[in-house]
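**Student:** I have a structure here, written as structure tokens, and I will follow up with some questions on it.
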Amino acid sequence: MRVSVVGAGLGGLALAQGLRGAGIEAEVFERDPGLGARFQGYRLVLDPVGFQAVRDCLPTRWHPLLDEIVMPASAEQLVLDPQLNEIGRLGAARTGIVVDRQVLRHLLLTGLTVHTDAALTGYDRSADGTVRARFARRDPAAADLLATADLLVGADGVGSAVRGLLSPGTTPTDTGVRFVIGRTPLTDAFAGLSKAYGSKVTGDGVSLLLGAMRFRTPPKQAAERLAPEVTLPDLGDYVRWAMILPPDGSPGGSGSLGDRSAQDAVLSRMDGWHPELRALVEQADPDNSTLLSIRVVHPGERWAPGPVTLLGDAVHATSPTGGNGANTALRDADLLRRRLVEVADGRRELRDAVDDYERQMFGYGAEAVRSSLERLPAFAPGAKPS
């Protein structure tokens with residue numbers, strides 16, 4: 001059996017790793033010109049389901065390395081004012097496993113066949129039940145790619161090209177909310193911010209969210225000691241910060257950024273804030289500070305059964321305020337992996353396996369989108385769940 005995965009995000013790579021470990025041929029096609037074309041190195045909190053999913057997709061020999069590069073998370077989820085005084089609570093304390101996205105992505109990439117500069121332009125279903133996908137290249141000297149597989153998986157994010165062909169009626173919804181995300185090295189100078197990690201600082205219609213990433217062992221050193229075949233980034237501890245801006249059209253809304261950098265746009269909303277909070281943004285790496293939109297994808301009606309399916313944000317993109325986007329994508333990857341292993345073992349037909357995956361995925365995926373939108377107004381006053 002052959003599987004073509006479109007998209008080299010966490011969900012697609014986890015699926016490819018899981019299939020590779022089961023002896024199933026899997027190739028990944030990524031439209032970016034290179035695997036490092038976009039910075040993807042922010043802190044994630046994985047719940048028990050998400051962490052177990054990624055663990056099950058990885059070879060067991062890498063489990064000690066995975067355990068070494070993550071940290072347990074426990075946050076009180078306080079609501080603080082700009083001077084770091086407690087003024088409320090978001091809810092029950094949240095626990096989980098913290099991992100750096102860039103580090104995890106490098107681990108998941110290890111040993112995989114990944115074709116970059118490969119943008120899906122179309123696919124055809126063949127009479128024998130297979131599917132042939134076509135990929136265009138930006139490089140005029142490079143020939144376009146063709147890939148024939150038993151299953152084509154669209155794991156290509158909120159702007160999924162696969163979804164556009166498979167389920168054109170399923171389209172992203174822009175919530176109007178924007179957020180700036182950045183990363184700052186974690187030094188002793190920010191020791192006073194510890195109670196803000198995992199909490200929300202709110203003032204002047206914006207919310208600032210902070211999260212610490214501390215490694216038991218620096219990832220590069222951990223890989224060299226525990227899995228020399230794996231190369232991980234040389235990365236130190238840091239604070240991930242994100243400011244959620246008011247919705248477009250509201251006072252101070254994100255549509256008024258003008259020509260300022262994303263970092264300056266955040267600082268312009270922090271007049272009079274605690275000096276350590278301002279210093280955190282001022283000392284961030286400007287190359288890793290960016291403005292992002294919050295768009296969601298509600299799983300639509302089921303498409304006609306066949307050798308094409310979707311995974312992760314391509315079918316159920318969530319608001320980051322739910323904290324469940326990566327977890328749900330990894331859950332997809334592990335569920336589809338298990339179903340395809342049953343096919344490879346002769347215990348199930350491919351069409352039945354994909355149908356069962358989609359039936360379950362549509363259920364919990366829709367709930368993940370709903371719950372993430374339900375939490376959005378707590379971070380962006382004026383936002384309306386859609």
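Simple scheme: letters A, B, ... for chains in structure tokens order, numbers from 1 for residues in each chain, numbers from 1 for ligands in the order shown.
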Neighbours of segment 334-343 of chain A within 6 Å (only C-alpha atoms; same-chain residues fewer than 5 positions away dropped), as a tab-separated table (two decimals) with N, CA, C and O atoms, in the first residue's frame?

**Tutor:**
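Wrote it out as selection28.tsv, contents follow:
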```tsv
chain	number	residue	atom	x	y	z
A	15	LEU	N	1.54	11.06	10.78
A	15	LEU	CA	0.95	9.97	10.01
A	15	LEU	C	2.01	9.24	9.20
A	15	LEU	O	2.09	8.00	9.22
A	53	ALA	N	-0.77	10.07	21.09
A	53	ALA	CA	-0.88	9.89	19.64
A	53	ALA	C	0.48	10.06	18.98
A	53	ALA	O	0.89	9.23	18.15
A	348	ARG	N	-8.97	-5.41	7.07
A	348	ARG	CA	-9.99	-4.44	6.72
A	348	ARG	C	-9.78	-3.98	5.28
A	348	ARG	O	-8.65	-3.95	4.78
A	349	GLU	N	-10.85	-3.63	4.60
A	349	GLU	CA	-10.76	-3.03	3.29
A	349	GLU	C	-10.45	-1.53	3.43
A	349	GLU	O	-10.89	-0.89	4.38
A	350	LEU	N	-9.72	-0.99	2.45
A	350	LEU	CA	-9.30	0.40	2.54
A	350	LEU	C	-10.49	1.34	2.63
A	350	LEU	O	-10.51	2.25	3.47
A	353	ALA	N	-11.94	1.29	6.06
A	353	ALA	CA	-11.02	1.87	7.04
A	353	ALA	C	-11.08	3.39	7.01
A	353	ALA	O	-11.15	4.05	8.06
A	357	TYR	N	-12.47	6.07	9.88
A	357	TYR	CA	-11.66	7.20	10.33
A	357	TYR	C	-12.44	8.50	10.19
A	357	TYR	O	-12.51	9.31	11.12
```

**Student:** Please return as a ChimeraX atom specification: the residues of segment 187-317 of chain A that backbone DSSP assigns to strand (DSSP E or B).

**Tutor:** /A:197,200-203,206-213,238-244,290-296,308-310

**Student:** Mind writing the picked residues with N, CA, C and O atoms as a compact mmCIF listing (two decimals), in the first residue's frame?

**Tutor:**
```
# COMPACT_ATOMS: atom_id res chain seq x y z
N TYR A 197 2.87 32.83 33.48
CA TYR A 197 2.98 31.75 32.51
C TYR A 197 1.73 30.88 32.58
O TYR A 197 1.37 30.36 33.63
N LYS A 200 -3.53 34.85 31.60
CA LYS A 200 -3.89 35.90 30.65
C LYS A 200 -3.70 37.25 31.31
O LYS A 200 -4.24 37.51 32.38
N VAL A 201 -2.92 38.11 30.65
CA VAL A 201 -2.78 39.49 31.08
C VAL A 201 -3.70 40.32 30.19
O VAL A 201 -3.63 40.24 28.96
N THR A 202 -4.59 41.08 30.78
CA THR A 202 -5.59 41.78 29.98
C THR A 202 -5.59 43.27 30.30
O THR A 202 -5.45 43.68 31.45
N GLY A 203 -5.73 44.06 29.26
CA GLY A 203 -5.79 45.50 29.43
C GLY A 203 -6.01 46.19 28.10
O GLY A 203 -5.50 45.76 27.06
N VAL A 206 -7.00 44.19 24.88
CA VAL A 206 -6.14 43.14 24.34
C VAL A 206 -5.82 42.13 25.44
O VAL A 206 -5.93 42.43 26.63
N SER A 207 -5.39 40.95 25.01
CA SER A 207 -4.95 39.90 25.94
C SER A 207 -3.55 39.47 25.56
O SER A 207 -3.25 39.27 24.37
N LEU A 208 -2.68 39.34 26.56
CA LEU A 208 -1.31 38.86 26.36
C LEU A 208 -1.18 37.52 27.07
O LEU A 208 -1.44 37.42 28.28
N LEU A 209 -0.79 36.49 26.33
CA LEU A 209 -0.64 35.15 26.87
C LEU A 209 0.83 34.77 26.86
O LEU A 209 1.53 34.96 25.86
N LEU A 210 1.30 34.24 27.99
CA LEU A 210 2.71 33.85 28.11
C LEU A 210 2.82 32.37 28.44
O LEU A 210 1.99 31.82 29.17
N GLY A 211 3.88 31.74 27.90
CA GLY A 211 4.14 30.35 28.22
C GLY A 211 5.63 30.08 28.19
O GLY A 211 6.32 30.47 27.24
N ALA A 212 6.15 29.43 29.21
CA ALA A 212 7.58 29.12 29.28
C ALA A 212 7.87 27.77 28.65
O ALA A 212 7.11 26.82 28.81
N MET A 213 8.97 27.70 27.89
CA MET A 213 9.47 26.44 27.36
C MET A 213 10.83 26.18 27.97
O MET A 213 11.80 26.87 27.68
N TYR A 238 12.95 29.43 26.46
CA TYR A 238 12.39 30.69 25.99
C TYR A 238 10.99 30.90 26.55
O TYR A 238 10.38 29.98 27.12
N VAL A 239 10.48 32.11 26.37
CA VAL A 239 9.09 32.44 26.68
C VAL A 239 8.37 32.69 25.36
O VAL A 239 8.82 33.49 24.54
N ARG A 240 7.28 31.97 25.16
CA ARG A 240 6.41 32.23 24.02
C ARG A 240 5.34 33.21 24.48
O ARG A 240 4.71 33.01 25.50
N TRP A 241 5.18 34.30 23.75
CA TRP A 241 4.13 35.27 24.09
C TRP A 241 3.23 35.50 22.88
O TRP A 241 3.66 35.37 21.74
N ALA A 242 2.00 35.78 23.15
CA ALA A 242 1.04 36.04 22.08
C ALA A 242 0.07 37.10 22.55
O ALA A 242 -0.51 36.98 23.64
N MET A 243 -0.10 38.15 21.76
CA MET A 243 -1.10 39.17 22.07
C MET A 243 -2.27 39.01 21.11
O MET A 243 -2.11 39.04 19.89
N ILE A 244 -3.45 38.81 21.67
CA ILE A 244 -4.67 38.70 20.89
C ILE A 244 -5.28 40.09 20.78
O ILE A 244 -5.54 40.75 21.79
N THR A 290 5.39 37.55 14.48
CA THR A 290 4.57 37.66 13.28
C THR A 290 3.11 37.85 13.62
O THR A 290 2.65 37.43 14.69
N LEU A 291 2.38 38.49 12.70
CA LEU A 291 0.95 38.69 12.84
C LEU A 291 0.21 37.55 12.13
O LEU A 291 0.52 37.24 10.98
N LEU A 292 -0.73 36.93 12.81
CA LEU A 292 -1.50 35.82 12.25
C LEU A 292 -2.99 36.09 12.41
O LEU A 292 -3.41 36.78 13.34
N SER A 293 -3.77 35.55 11.51
CA SER A 293 -5.22 35.65 11.61
C SER A 293 -5.77 34.39 12.26
O SER A 293 -5.15 33.32 12.20
N ILE A 294 -6.92 34.51 12.90
CA ILE A 294 -7.59 33.35 13.47
C ILE A 294 -8.73 32.97 12.53
O ILE A 294 -9.75 33.65 12.45
N ARG A 295 -8.50 31.92 11.78
CA ARG A 295 -9.52 31.37 10.87
C ARG A 295 -9.86 29.96 11.33
O ARG A 295 -8.99 29.25 11.86
N VAL A 296 -11.08 29.58 11.13
CA VAL A 296 -11.51 28.25 11.53
C VAL A 296 -12.13 27.55 10.33
O VAL A 296 -12.58 28.19 9.38
N VAL A 308 -9.33 9.56 -1.19
CA VAL A 308 -8.84 10.88 -0.78
C VAL A 308 -9.50 11.24 0.54
O VAL A 308 -10.73 11.08 0.69
N THR A 309 -8.72 11.74 1.49
CA THR A 309 -9.29 12.17 2.77
C THR A 309 -8.52 13.36 3.30
O THR A 309 -7.54 13.81 2.68
N LEU A 310 -8.95 13.90 4.43
CA LEU A 310 -8.35 15.09 5.03
C LEU A 310 -7.97 14.83 6.48
O LEU A 310 -8.53 13.94 7.14
```

**Student:** Find the spatial neighbours of Glu229 of chain A, counting only C-alpha atoms, within a cut-off of 12 Å - ignore same-chain residues fewer than 2 positions away - and output them as a PyMOL selection string.

**Tutor:** chain A and resi 61-62+65+106-107+109-111+220+222-227+231-232

**Student:** For a quick check of understanding, using only C-alpha atoms, which of A:Ala326, A:Val79, A:Val28, A:Ala196 has the smallest distance to Arg101 of chain A?

**Tutor:** A:Ala326

**Student:** List the spatial neighbours of Gly322 of chain A as a list of chain:residue names - criterion: any atom at most 12 Å away, only C-alpha atoms, same-chain residues fewer than 3 positions off excluded.

**Tutor:**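 Those residues are A:Leu44, A:Val45, A:Leu46, A:Asp47, A:Arg94, A:Ile294, A:Val296, A:Ala317, A:Thr318, A:Ser319, A:Gly325, A:Ala326, A:Asn327, A:Thr328, A:Glu367, A:Ala368, A:Val369, A:Arg370, A:Ser371, A:Ser372, A:Leu373, A:Glu374, A:Arg375, A:Leu376, A:Pro377, A:Ala378, A:Phe379.
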
**Student:** Using only C-alpha atoms, which residues sit within 10 Å of Leu35 of chain A once same-chain residues fewer than 4 positions away are excluded, as a compact mmCIF listing (two decimals) with N, CA, C and O atoms, in the first residue's frame?

**Tutor:**
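Now in out.txt:
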```txt
# COMPACT_ATOMS: atom_id res chain seq x y z
N ALA A 8 3.51 19.13 5.23
CA ALA A 8 4.53 18.67 6.19
C ALA A 8 4.38 19.36 7.53
O ALA A 8 5.37 19.79 8.15
N GLY A 9 3.13 19.48 8.00
CA GLY A 9 2.88 19.94 9.37
C GLY A 9 2.95 18.76 10.32
O GLY A 9 3.25 17.62 9.92
N GLU A 30 5.26 18.88 0.16
CA GLU A 30 5.13 20.16 0.85
C GLU A 30 5.28 21.30 -0.16
O GLU A 30 6.24 21.33 -0.94
N ARG A 31 4.34 22.25 -0.14
CA ARG A 31 4.38 23.34 -1.13
C ARG A 31 5.46 24.37 -0.83
O ARG A 31 5.89 25.09 -1.73
N PHE A 39 9.24 29.90 9.78
CA PHE A 39 9.53 29.55 11.17
C PHE A 39 8.31 28.92 11.80
O PHE A 39 7.19 29.42 11.69
N GLN A 40 8.51 27.77 12.44
CA GLN A 40 7.40 27.05 13.06
C GLN A 40 7.79 26.59 14.46
O GLN A 40 7.48 25.49 14.86
N ARG A 105 8.81 18.86 15.14
CA ARG A 105 8.75 18.71 13.68
C ARG A 105 10.04 18.09 13.14
O ARG A 105 10.01 17.22 12.26
N HIS A 106 11.19 18.52 13.66
CA HIS A 106 12.45 17.92 13.23
C HIS A 106 12.51 16.43 13.55
O HIS A 106 12.99 15.62 12.76
N LEU A 109 10.33 14.57 11.09
CA LEU A 109 10.86 14.56 9.73
C LEU A 109 11.92 13.49 9.52
O LEU A 109 12.17 13.07 8.38
N VAL A 114 10.43 13.45 1.81
CA VAL A 114 9.65 14.69 1.73
C VAL A 114 10.06 15.44 0.47
O VAL A 114 11.23 15.74 0.26
N HIS A 115 9.09 15.73 -0.37
CA HIS A 115 9.31 16.51 -1.59
C HIS A 115 8.87 17.94 -1.31
O HIS A 115 7.68 18.20 -1.07
N THR A 116 9.79 18.89 -1.33
CA THR A 116 9.44 20.29 -1.13
C THR A 116 9.21 20.96 -2.48
O THR A 116 9.46 20.38 -3.53
N ASP A 117 8.73 22.20 -2.43
CA ASP A 117 8.38 22.94 -3.64
C ASP A 117 7.43 22.11 -4.51
O ASP A 117 7.59 22.00 -5.72
```

**Student:** A:Val6, A:Ala279, A:Ala191, A:Ala142: which is nearest Leu120 of chain A, counting only C-alpha atoms?

**Tutor:**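 Using only C-alpha atoms, the shortest distance to Leu120 of chain A belongs to A:Val6.
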
**Student:** Which one is closest to Asp285 of chain A: A:Gln77, A:Thr184, A:Ser199, A:Gln221? Count only C-alpha atoms.

**Tutor:** A:Thr184
